[in-house]
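Q: Structure file data_16.cif (mmCIF, C-alpha atoms) is given on the next line.
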```cif
data_data
#
loop_
_atom_site.group_PDB
_atom_site.id
_atom_site.type_symbol
_atom_site.label_atom_id
_atom_site.label_comp_id
_atom_site.auth_asym_id
_atom_site.auth_seq_id
_atom_site.Cartn_x
_atom_site.Cartn_y
_atom_site.Cartn_z
ATOM 1 C CA MET A 290 16.845 54.707 -51.240
ATOM 2 C CA GLN A 291 13.207 54.018 -51.961
ATOM 3 C CA ASN A 292 13.988 50.352 -52.687
ATOM 4 C CA LYS A 293 15.805 50.028 -49.374
ATOM 5 C CA MET A 294 12.800 51.431 -47.527
ATOM 6 C CA LEU A 295 10.529 48.936 -49.241
ATOM 7 C CA LEU A 296 12.831 46.074 -48.234
ATOM 8 C CA VAL A 297 12.828 47.229 -44.594
ATOM 9 C CA LEU A 298 9.033 47.504 -44.535
ATOM 10 C CA ALA A 299 8.706 44.031 -46.066
ATOM 11 C CA ALA A 300 11.083 42.554 -43.487
ATOM 12 C CA MET A 301 9.151 44.190 -40.649
ATOM 13 C CA THR A 302 5.896 42.840 -42.040
ATOM 14 C CA LEU A 303 7.280 39.314 -42.329
ATOM 15 C CA SER A 304 8.762 39.530 -38.853
ATOM 16 C CA SER A 305 5.457 40.683 -37.425
ATOM 17 C CA SER A 306 3.662 37.847 -39.206
ATOM 18 C CA ALA A 307 6.152 35.299 -37.893
ATOM 19 C CA PHE A 308 5.542 36.256 -34.285
ATOM 20 C CA ALA A 309 1.826 37.133 -34.499
ATOM 21 C CA GLN A 310 0.711 33.595 -33.893
ATOM 22 C CA ASP A 311 -0.466 31.383 -31.071
ATOM 23 C CA VAL A 312 1.630 28.322 -30.297
ATOM 24 C CA ILE A 313 0.220 25.172 -28.675
ATOM 25 C CA TYR A 314 2.702 22.959 -26.792
ATOM 26 C CA THR A 315 1.363 19.454 -26.200
ATOM 27 C CA LYS A 316 2.369 17.049 -23.444
ATOM 28 C CA LYS A 317 3.889 14.742 -26.057
ATOM 29 C CA GLY A 318 6.240 17.458 -27.268
ATOM 30 C CA ARG A 319 4.394 18.496 -30.427
ATOM 31 C CA ILE A 320 4.333 22.211 -31.322
ATOM 32 C CA GLU A 321 1.276 23.465 -33.171
ATOM 33 C CA LYS A 322 1.370 26.973 -34.682
ATOM 34 C CA SER A 323 -2.195 28.194 -34.674
ATOM 35 C CA LYS A 324 -4.767 30.894 -34.197
ATOM 36 C CA ILE A 325 -6.834 30.189 -31.082
ATOM 37 C CA LYS A 326 -10.556 30.689 -31.552
ATOM 38 C CA GLU A 327 -11.948 29.398 -28.271
ATOM 39 C CA ILE A 328 -10.735 27.852 -25.016
ATOM 40 C CA GLY A 329 -13.577 25.774 -23.625
ATOM 41 C CA VAL A 330 -13.983 23.808 -20.442
ATOM 42 C CA LYS A 331 -12.403 20.641 -21.839
ATOM 43 C CA THR A 332 -11.225 21.539 -25.349
ATOM 44 C CA VAL A 333 -9.384 24.219 -27.319
ATOM 45 C CA THR A 334 -10.644 25.210 -30.782
ATOM 46 C CA TYR A 335 -8.122 26.659 -33.234
ATOM 47 C CA LYS A 336 -7.165 27.108 -36.869
ATOM 48 C CA ARG A 337 -3.821 26.084 -38.219
ATOM 49 C CA TRP A 338 -1.543 29.064 -38.787
ATOM 50 C CA ASP A 339 -0.585 27.952 -42.302
ATOM 51 C CA ASN A 340 -4.254 27.569 -43.267
ATOM 52 C CA PRO A 341 -6.246 30.379 -41.595
ATOM 53 C CA ASP A 342 -9.229 29.861 -43.900
ATOM 54 C CA GLY A 343 -9.296 26.111 -43.323
ATOM 55 C CA PRO A 344 -11.411 24.022 -40.957
ATOM 56 C CA ASP A 345 -11.504 24.375 -37.190
ATOM 57 C CA PHE A 346 -9.458 21.904 -35.171
ATOM 58 C CA VAL A 347 -10.364 20.773 -31.653
ATOM 59 C CA MET A 348 -7.781 19.500 -29.154
ATOM 60 C CA PRO A 349 -8.583 18.171 -25.645
ATOM 61 C CA LYS A 350 -7.088 20.331 -22.926
ATOM 62 C CA ALA A 351 -5.824 17.129 -21.278
ATOM 63 C CA GLU A 352 -3.299 16.822 -24.148
ATOM 64 C CA ILE A 353 -2.028 20.412 -23.877
ATOM 65 C CA ARG A 354 0.837 21.477 -21.698
ATOM 66 C CA SER A 355 0.673 25.239 -22.457
ATOM 67 C CA ILE A 356 -0.308 27.877 -25.006
ATOM 68 C CA ARG A 357 1.822 30.917 -25.837
ATOM 69 C CA PHE A 358 -0.329 33.662 -27.318
ATOM 70 C CA GLU A 359 0.705 36.158 -29.986
ATOM 71 C CA ASN A 360 0.922 38.962 -27.399
ATOM 72 C CA GLY A 361 3.596 37.016 -25.501
ATOM 73 C CA SER A 362 1.418 35.820 -22.606
ATOM 74 C CA GLU A 363 1.279 32.148 -21.721
ATOM 75 C CA GLU A 364 -1.319 29.862 -20.173
ATOM 76 C CA ARG A 365 -0.296 26.550 -18.613
ATOM 77 C CA PHE A 366 -2.654 23.608 -18.382
ATOM 78 C CA VAL A 367 -0.459 21.378 -16.195
ATOM 79 C CA GLU A 368 1.828 22.161 -13.321
ATOM 80 C CA ASP A 369 5.463 22.628 -14.009
ATOM 81 C CA GLU A 370 7.417 19.485 -13.181
ATOM 82 C CA GLN A 371 9.659 21.512 -10.885
ATOM 83 C CA LEU A 372 6.646 22.627 -8.868
ATOM 84 C CA SER A 373 4.844 19.294 -8.679
ATOM 85 C CA PRO A 374 6.929 17.966 -5.738
ATOM 86 C CA VAL A 375 5.645 20.922 -3.695
ATOM 87 C CA ARG A 376 2.080 19.881 -4.447
ATOM 88 C CA LYS A 377 2.919 16.239 -3.798
ATOM 89 C CA LYS A 378 4.492 17.095 -0.468
ATOM 90 C CA THR A 379 1.367 19.043 0.458
ATOM 91 C CA VAL A 380 -0.767 16.012 -0.384
ATOM 92 C CA GLU A 381 1.508 13.760 1.629
ATOM 93 C CA ASN A 382 1.122 16.054 4.621
ATOM 94 C CA LEU A 383 -2.632 15.737 4.791
ATOM 95 C CA GLN A 384 -3.857 15.701 8.355
ATOM 96 C CA TYR A 385 -4.108 11.948 8.734
ATOM 97 C CA GLY A 386 -4.781 10.797 12.268
ATOM 98 C CA LYS A 387 -1.944 9.369 14.324
ATOM 99 C CA ASN A 388 -3.977 6.396 15.597
ATOM 100 C CA ILE A 389 -5.192 3.399 13.593
ATOM 101 C CA LEU A 390 -7.579 0.849 15.084
ATOM 102 C CA SER A 391 -8.037 -2.200 12.858
ATOM 103 C CA LEU A 392 -9.953 -5.456 12.658
ATOM 104 C CA ALA A 393 -8.436 -8.410 10.827
ATOM 105 C CA PRO A 394 -11.172 -10.875 9.798
ATOM 106 C CA ILE A 395 -8.452 -13.025 8.216
ATOM 107 C CA TRP A 396 -5.517 -14.075 10.385
ATOM 108 C CA MET A 397 -3.567 -17.251 9.614
ATOM 109 C CA THR A 398 -0.765 -18.893 11.594
ATOM 110 C CA ASN A 399 1.216 -22.137 11.567
ATOM 111 C CA THR A 400 -1.276 -23.856 13.813
ATOM 112 C CA SER A 401 -4.442 -22.662 12.139
ATOM 113 C CA PRO A 402 -5.711 -21.108 8.908
ATOM 114 C CA ILE A 403 -8.601 -19.662 10.907
ATOM 115 C CA GLY A 404 -8.354 -16.655 13.173
ATOM 116 C CA LEU A 405 -9.077 -13.009 13.711
ATOM 117 C CA ALA A 406 -7.231 -10.080 15.223
ATOM 118 C CA LEU A 407 -7.531 -6.574 16.603
ATOM 119 C CA SER A 408 -4.682 -4.151 16.065
ATOM 120 C CA TYR A 409 -3.699 -0.737 17.390
ATOM 121 C CA GLU A 410 -1.076 1.398 15.666
ATOM 122 C CA ARG A 411 0.350 4.733 16.796
ATOM 123 C CA VAL A 412 2.197 6.773 14.168
ATOM 124 C CA PHE A 413 5.045 9.067 15.255
ATOM 125 C CA GLY A 414 6.872 11.962 13.644
ATOM 126 C CA LYS A 415 5.766 14.758 11.326
ATOM 127 C CA GLU A 416 6.320 12.608 8.257
ATOM 128 C CA GLY A 417 4.846 9.448 9.810
ATOM 129 C CA ILE A 418 7.959 7.416 9.072
ATOM 130 C CA TRP A 419 7.612 4.943 11.944
ATOM 131 C CA SER A 420 4.984 3.645 14.315
ATOM 132 C CA PHE A 421 4.357 1.397 17.290
ATOM 133 C CA ILE A 422 1.954 -1.449 16.589
ATOM 134 C CA LEU A 423 0.193 -3.999 18.790
ATOM 135 C CA PRO A 424 -1.884 -6.700 17.076
ATOM 136 C CA VAL A 425 -3.706 -9.188 19.324
ATOM 137 C CA ALA A 426 -4.956 -12.334 17.576
ATOM 138 C CA TYR A 427 -6.891 -15.495 18.352
ATOM 139 C CA SER A 428 -6.295 -18.543 16.153
ATOM 140 C CA PHE A 429 -8.210 -21.775 16.403
ATOM 141 C CA SER A 430 -8.835 -24.970 14.476
ATOM 142 C CA SER A 431 -10.650 -28.248 14.981
ATOM 143 C CA GLN A 432 -10.340 -31.423 12.920
ATOM 144 C CA ALA A 433 -12.601 -34.415 13.347
ATOM 145 C CA ALA A 434 -11.121 -37.913 13.299
ATOM 146 C CA TYR A 435 -11.230 -39.742 9.981
ATOM 147 C CA SER A 436 -8.685 -42.472 9.368
ATOM 148 C CA SER A 437 -6.383 -41.980 12.328
ATOM 149 C CA SER A 438 -6.665 -40.746 15.863
ATOM 150 C CA GLY A 439 -4.074 -38.070 15.239
ATOM 151 C CA ASP A 440 -6.544 -36.259 12.968
ATOM 152 C CA ASN A 441 -8.783 -35.514 15.939
ATOM 153 C CA ARG A 442 -6.932 -32.388 16.843
ATOM 154 C CA LYS A 443 -7.826 -28.970 18.207
ATOM 155 C CA SER A 444 -5.658 -25.950 18.782
ATOM 156 C CA THR A 445 -6.488 -22.626 20.394
ATOM 157 C CA LEU A 446 -3.813 -19.964 20.723
ATOM 158 C CA LEU A 447 -3.893 -16.341 21.822
ATOM 159 C CA TRP A 448 -1.222 -14.123 20.263
ATOM 160 C CA ALA A 449 0.232 -10.670 20.785
ATOM 161 C CA TYR A 450 2.722 -9.105 18.352
ATOM 162 C CA PRO A 451 4.125 -5.887 19.877
ATOM 163 C CA GLY A 452 6.581 -4.193 17.561
ATOM 164 C CA ALA A 453 7.467 -1.271 15.310
ATOM 165 C CA LYS A 454 6.880 -0.431 11.644
ATOM 166 C CA PHE A 455 9.138 1.654 9.407
ATOM 167 C CA TYR A 456 7.628 3.065 6.222
ATOM 168 C CA ILE A 457 10.410 2.749 3.664
ATOM 169 C CA ALA A 458 8.574 3.439 0.381
ATOM 170 C CA LYS A 459 5.608 5.682 -0.322
ATOM 171 C CA ARG A 460 3.709 6.590 -3.415
ATOM 172 C CA GLN A 461 3.913 10.301 -4.079
ATOM 173 C CA ASP A 462 0.205 10.851 -3.490
ATOM 174 C CA GLY A 463 0.372 9.205 -0.067
ATOM 175 C CA LYS A 464 -2.327 6.643 -0.819
ATOM 176 C CA ALA A 465 -0.144 3.555 -0.386
ATOM 177 C CA ALA A 466 2.980 2.737 1.563
ATOM 178 C CA PHE A 467 5.205 -0.272 2.065
ATOM 179 C CA ALA A 468 6.481 -0.860 5.582
ATOM 180 C CA LEU A 469 9.007 -3.190 7.118
ATOM 181 C CA GLY A 470 8.343 -4.095 10.724
ATOM 182 C CA ILE A 471 9.853 -6.086 13.521
ATOM 183 C CA GLY A 472 7.700 -7.819 16.107
ATOM 184 C CA PHE A 473 8.115 -9.948 19.199
ATOM 185 C CA PRO A 474 5.308 -12.510 19.114
ATOM 186 C CA ILE A 475 3.960 -13.876 22.373
ATOM 187 C CA GLY A 476 1.753 -16.935 22.138
ATOM 188 C CA MET A 477 -0.079 -19.056 24.654
ATOM 189 C CA GLY A 478 -2.749 -21.703 24.398
ATOM 190 C CA SER A 479 -3.211 -25.421 24.061
ATOM 191 C CA ILE A 480 -3.008 -28.246 21.546
ATOM 192 C CA GLU A 481 -5.373 -31.210 22.100
ATOM 193 C CA GLU A 482 -5.450 -34.621 20.447
ATOM 194 C CA ASP A 483 -7.216 -37.947 20.844
ATOM 195 C CA ARG A 484 -4.514 -40.489 20.131
ATOM 196 C CA MET A 485 -4.208 -44.264 20.342
ATOM 197 C CA ILE A 486 -1.657 -44.984 23.092
ATOM 198 C CA PHE A 487 -0.114 -48.433 23.666
ATOM 199 C CA ASP A 488 0.137 -49.549 27.316
ATOM 200 C CA PRO A 489 3.135 -51.915 27.692
ATOM 201 C CA VAL A 490 1.776 -53.233 31.012
ATOM 202 C CA THR A 491 -1.572 -54.409 29.699
ATOM 203 C CA GLN A 492 -0.277 -54.879 26.168
ATOM 204 C CA THR A 493 -3.347 -53.057 24.868
ATOM 205 C CA SER A 494 -3.997 -49.792 23.074
ATOM 206 C CA ALA A 495 -6.637 -47.254 23.986
ATOM 207 C CA TYR A 496 -7.701 -43.793 22.906
ATOM 208 C CA THR A 497 -6.216 -41.184 25.208
ATOM 209 C CA HIS A 498 -7.056 -37.508 25.298
ATOM 210 C CA LEU A 499 -3.833 -35.496 25.312
ATOM 211 C CA GLU A 500 -3.722 -31.802 26.085
ATOM 212 C CA ASN A 501 -0.514 -29.830 25.895
ATOM 213 C CA ASP A 502 -0.360 -26.219 27.097
ATOM 214 C CA ILE A 503 2.100 -24.086 25.141
ATOM 215 C CA SER A 504 3.654 -20.670 25.706
ATOM 216 C CA LEU A 505 6.328 -19.108 23.538
ATOM 217 C CA LEU A 506 8.295 -15.980 22.787
ATOM 218 C CA GLY A 507 9.848 -15.176 19.441
ATOM 219 C CA VAL A 508 11.065 -12.557 17.006
ATOM 220 C CA MET A 509 9.572 -11.874 13.587
ATOM 221 C CA MET A 510 10.059 -9.709 10.505
ATOM 222 C CA GLN A 511 6.724 -8.171 9.461
ATOM 223 C CA PRO A 512 6.544 -6.532 6.007
ATOM 224 C CA SER A 513 3.205 -4.956 5.132
ATOM 225 C CA LEU A 514 1.398 -3.124 2.359
ATOM 226 C CA ASN A 515 -0.647 -0.218 3.718
ATOM 227 C CA ILE A 516 -3.365 1.512 1.691
ATOM 228 C CA GLN A 517 -5.116 4.747 2.667
ATOM 229 C CA PRO A 518 -8.114 5.134 0.277
ATOM 230 C CA THR A 519 -9.569 7.964 2.364
ATOM 231 C CA GLU A 520 -8.424 10.107 5.258
ATOM 232 C CA LYS A 521 -10.214 7.830 7.744
ATOM 233 C CA ILE A 522 -10.062 4.349 6.220
ATOM 234 C CA ALA A 523 -6.830 2.336 6.456
ATOM 235 C CA LEU A 524 -6.280 -1.064 4.846
ATOM 236 C CA ALA A 525 -3.275 -3.334 5.315
ATOM 237 C CA ILE A 526 -1.965 -6.719 4.220
ATOM 238 C CA ASP A 527 0.470 -8.093 6.800
ATOM 239 C CA PHE A 528 3.002 -10.892 6.532
ATOM 240 C CA GLY A 529 5.178 -12.350 9.248
ATOM 241 C CA LEU A 530 8.151 -14.708 9.289
ATOM 242 C CA GLY A 531 10.314 -15.455 12.305
ATOM 243 C CA PHE A 532 11.373 -18.036 14.836
ATOM 244 C CA PRO A 533 10.658 -18.857 18.488
ATOM 245 C CA TYR A 534 13.520 -18.525 20.947
ATOM 246 C CA THR A 535 11.610 -19.786 23.988
ATOM 247 C CA VAL A 536 8.993 -22.562 23.930
ATOM 248 C CA LYS A 537 7.447 -24.078 27.041
ATOM 249 C CA GLN A 538 4.979 -26.956 27.125
ATOM 250 C CA SER A 539 3.181 -28.703 29.964
ATOM 251 C CA LEU A 540 3.299 -32.184 28.428
ATOM 252 C CA SER A 541 7.013 -32.896 28.219
ATOM 253 C CA THR A 542 6.455 -36.353 26.715
ATOM 254 C CA ALA A 543 4.268 -35.045 23.884
ATOM 255 C CA ASN A 544 6.759 -35.897 21.160
ATOM 256 C CA ASN A 545 7.394 -39.327 22.640
ATOM 257 C CA LEU A 546 3.649 -40.006 22.561
ATOM 258 C CA GLY A 547 3.547 -39.136 18.872
ATOM 259 C CA MET A 548 1.840 -35.808 19.441
ATOM 260 C CA ASN A 549 2.891 -33.039 17.086
ATOM 261 C CA VAL A 550 3.951 -29.995 19.093
ATOM 262 C CA PRO A 551 4.421 -26.939 16.854
ATOM 263 C CA TYR A 552 7.409 -24.635 17.272
ATOM 264 C CA SER A 553 9.236 -27.027 19.606
ATOM 265 C CA ASN A 554 11.712 -28.209 16.968
ATOM 266 C CA GLY A 555 12.677 -24.924 15.391
ATOM 267 C CA THR A 556 9.514 -24.622 13.302
ATOM 268 C CA PRO A 557 9.354 -21.031 11.975
ATOM 269 C CA LEU A 558 6.674 -18.604 13.053
ATOM 270 C CA VAL A 559 4.453 -17.577 10.148
ATOM 271 C CA ASN A 560 1.364 -15.393 9.927
ATOM 272 C CA PHE A 561 -0.744 -13.599 7.338
ATOM 273 C CA GLY A 562 -3.516 -11.083 7.893
ATOM 274 C CA PHE A 563 -5.787 -8.624 6.126
ATOM 275 C CA LYS A 564 -6.825 -5.599 8.180
ATOM 276 C CA ILE A 565 -9.564 -2.996 7.838
ATOM 277 C CA GLY A 566 -8.977 0.019 10.059
ATOM 278 C CA TYR A 567 -10.219 3.423 11.155
ATOM 279 C CA ARG A 568 -7.716 6.270 11.394
ATOM 280 C CA PHE A 569 -8.264 9.075 13.876
#
```
For the structure just supplied, provide its representation as structure tokens.
A:
Amino acid sequence: MQNKMLLVLAAMTLSSSAFAQDVIYTKKGRIEKSKIKEIGVKTVTYKRWDNPDGPDFVMPKAEIRSIRFENGSEERFVEDEQLSPVRKKTVENLQYGKNILSLAPIWMTNTSPIGLALSYERVFGKEGIWSFILPVAYSFSSQAAYSSSGDNRKSTLLWAYPGAKFYIAKRQDGKAAFALGIGFPIGMGSIEEDRMIFDPVTQTSAYTHLENDISLLGVMMQPSLNIQPTEKIALAIDFGLGFPYTVKQSLSTANNLGMNVPYSNGTPLVNFGFKIGYRF
């Protein structure tokens, strides 16, 4: 009977020793049985459970997922994965303004690599899934004559791109979003050239100043990358690819005179812009 009592006491002692330990669970899945000495601001100091008289070990808190103490309590150093979407949703629902006013110091089109634009965007819905957008751009270029008269060319076009944007992919923290938009470009302006024209009556050629007024309507797909570094600052990189379905020009003989008239022969509509905006 006495031997049985000794065996029971030994088992209870071993059982108590087995559970009287602190356990560190790391983010990489490692389990460290230990005796916690100190939990600092950025580190945790402990001794290994199998060597209580050995040296102190220090582990950065950034590597620790949780610690279960010998009394059964637990301290977590990162959010549970099941709870993180709640936090992420809260971050996504920051009170960003519904209006974005932007300046595009870079705006390129078919007719000119030089241009600038102003843009207004109005975001709708609680989640900000879609928006109305209205960029207005001015593109211009001027080339001096070198080897041929056709190089002496100037174009000035005023554009408007009313349309809608649909945000189809967002980062979880809400800082960046990809959007796919559709726009209906409206362009009007003029293309001018100094070109050598042959007169069949006089059988001579002379420089002639040609000016062709253009107006057009089209449709365009407009993907964009939108970045929100702060609550007030909005950045965007815009692309556009489409086609004109109505083109009018004042100089109907432009092609016959050798003058290049953009968009009149099914030339696609293309643009690229970088925008810096204020959200309010």
Q: Quick one, how far is CA of Pro394 (chain A) from CA of Ile418 (chain A)?
A: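 Distance reported for this atom pair: 26.5 Å.
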Q: My list of candidates is A:Pro424, A:Gly417, A:Gly404, A:Pro518. Which is closest to Ala468 (chain A) when distances are computed with all atoms listed in the file?
A: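 That would be A:Gly417, the residue with the smallest distance to Ala468 (chain A).
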Q: Measure the distance from CA of Glu481 (chain A) to CA of Leu423 (chain A) in Å and round it to one decimal.
A: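 Atom-to-atom, CA of Glu481 (chain A) to CA of Leu423 (chain A), that is 28.0 Å.
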Q: Which is closer to Leu499 (chain A) than all the others in A:Lys350, A:Arg319, A:Lys443, A:Lys454, using all atoms listed in the file?
A: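 Checking each of A:Lys350, A:Arg319, A:Lys443, A:Lys454 against Leu499 (chain A), counting all atoms listed in the file, the winner is A:Lys443.
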Q: CA of Val333 (chain A) to CA of Glu321 (chain A): how many Å, to one decimal?
A: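 Distance between the two atoms: 12.2 Å.
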Q: Give me, as an mmCIF file with C-alpha atoms, keeping the file's coordinate frame, all polymer residues having an atom no more than 12 Å from region 502-504 of chain A, counting only C-alpha atoms and skipping those fewer than 4 positions away in the same chain.
A:
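Output contents, as saved in result.cif:
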```
data_model
loop_
_atom_site.group_PDB
_atom_site.id
_atom_site.type_symbol
_atom_site.label_atom_id
_atom_site.label_comp_id
_atom_site.auth_asym_id
_atom_site.auth_seq_id
_atom_site.Cartn_x
_atom_site.Cartn_y
_atom_site.Cartn_z
ATOM 1 C CA THR A 400 -1.276 -23.856 13.813
ATOM 2 C CA LYS A 443 -7.826 -28.970 18.207
ATOM 3 C CA SER A 444 -5.658 -25.950 18.782
ATOM 4 C CA THR A 445 -6.488 -22.626 20.394
ATOM 5 C CA LEU A 446 -3.813 -19.964 20.723
ATOM 6 C CA LEU A 447 -3.893 -16.341 21.822
ATOM 7 C CA TRP A 448 -1.222 -14.123 20.263
ATOM 8 C CA ALA A 449 0.232 -10.670 20.785
ATOM 9 C CA PRO A 474 5.308 -12.510 19.114
ATOM 10 C CA ILE A 475 3.960 -13.876 22.373
ATOM 11 C CA GLY A 476 1.753 -16.935 22.138
ATOM 12 C CA MET A 477 -0.079 -19.056 24.654
ATOM 13 C CA GLY A 478 -2.749 -21.703 24.398
ATOM 14 C CA SER A 479 -3.211 -25.421 24.061
ATOM 15 C CA ILE A 480 -3.008 -28.246 21.546
ATOM 16 C CA GLU A 481 -5.373 -31.210 22.100
ATOM 17 C CA GLU A 482 -5.450 -34.621 20.447
ATOM 18 C CA PRO A 533 10.658 -18.857 18.488
ATOM 19 C CA TYR A 534 13.520 -18.525 20.947
ATOM 20 C CA THR A 535 11.610 -19.786 23.988
ATOM 21 C CA VAL A 536 8.993 -22.562 23.930
ATOM 22 C CA LYS A 537 7.447 -24.078 27.041
ATOM 23 C CA GLN A 538 4.979 -26.956 27.125
ATOM 24 C CA SER A 539 3.181 -28.703 29.964
ATOM 25 C CA LEU A 540 3.299 -32.184 28.428
ATOM 26 C CA SER A 541 7.013 -32.896 28.219
ATOM 27 C CA ALA A 543 4.268 -35.045 23.884
ATOM 28 C CA VAL A 550 3.951 -29.995 19.093
ATOM 29 C CA PRO A 551 4.421 -26.939 16.854
ATOM 30 C CA TYR A 552 7.409 -24.635 17.272
ATOM 31 C CA SER A 553 9.236 -27.027 19.606
#
```
Q: Which residues, written as a PyMOL selection string, have at least one atom at most 7 Å from Met397 (chain A), with all atoms listed in the file counted and residues fewer than 3 positions away on the same chain left out?
A: chain A and resi 401-404+560-562
Q: Taking only C-alpha atoms into account, which of A:Val412, A:Val490, A:Ile320, A:Val312 comes nearest Asn360 (chain A)?
A: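 Residue with the minimum atom-to-atom distance to Asn360 (chain A): A:Val312.
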Q: Report as number ranges by chain all protein, DNA and RNA residues lying within 12 Å of Ile313 (chain A), evaluated on only C-alpha atoms, omitting residues in the same chain fewer than 3 positions from it.
A: A: 310, 316-325, 328, 333-338, 347-350, 352-359, 363-366
Q: Show me, as AutoDock Vina command-line options, the centre and edge lengths in Å to one decimal of the axis-aligned box that covers every listed atom of region 400-416 of chain A with 4 Å on each side.
A:
```
--center_x -1.1 --center_y -4.5 --center_z 12.8 --size_x 23.9 --size_y 46.6 --size_z 17.1
```
Q: If we count only C-alpha atoms and set the cut-off at 8 Å, which residues sit around Gly529 (chain A), ignoring sequence neighbours fewer than 6 positions away in its own chain? Please answer as a list of chain:residue names.
A: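 Returned residues: A:Met509, A:Met510, A:Gln511, A:Pro512, A:Leu558, A:Val559, A:Asn560, A:Phe561.
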Q: Would you kindly translate the PyMOL selection byres ((chain A and resi 390) around 10) into the concrete residues it picks from this file, as a list of chain:residue names?
A: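 Expected selection for the PyMOL selection byres ((chain A and resi 390) around 10) here is A:Asn388, A:Ile389, A:Ser391, A:Leu392, A:Leu407, A:Ser408, A:Tyr409, A:Glu410, A:Arg411, A:Ile422, A:Leu423, A:Pro424, A:Ile522, A:Ala523, A:Lys564, A:Ile565, A:Gly566, A:Tyr567, A:Arg568, A:Phe569.
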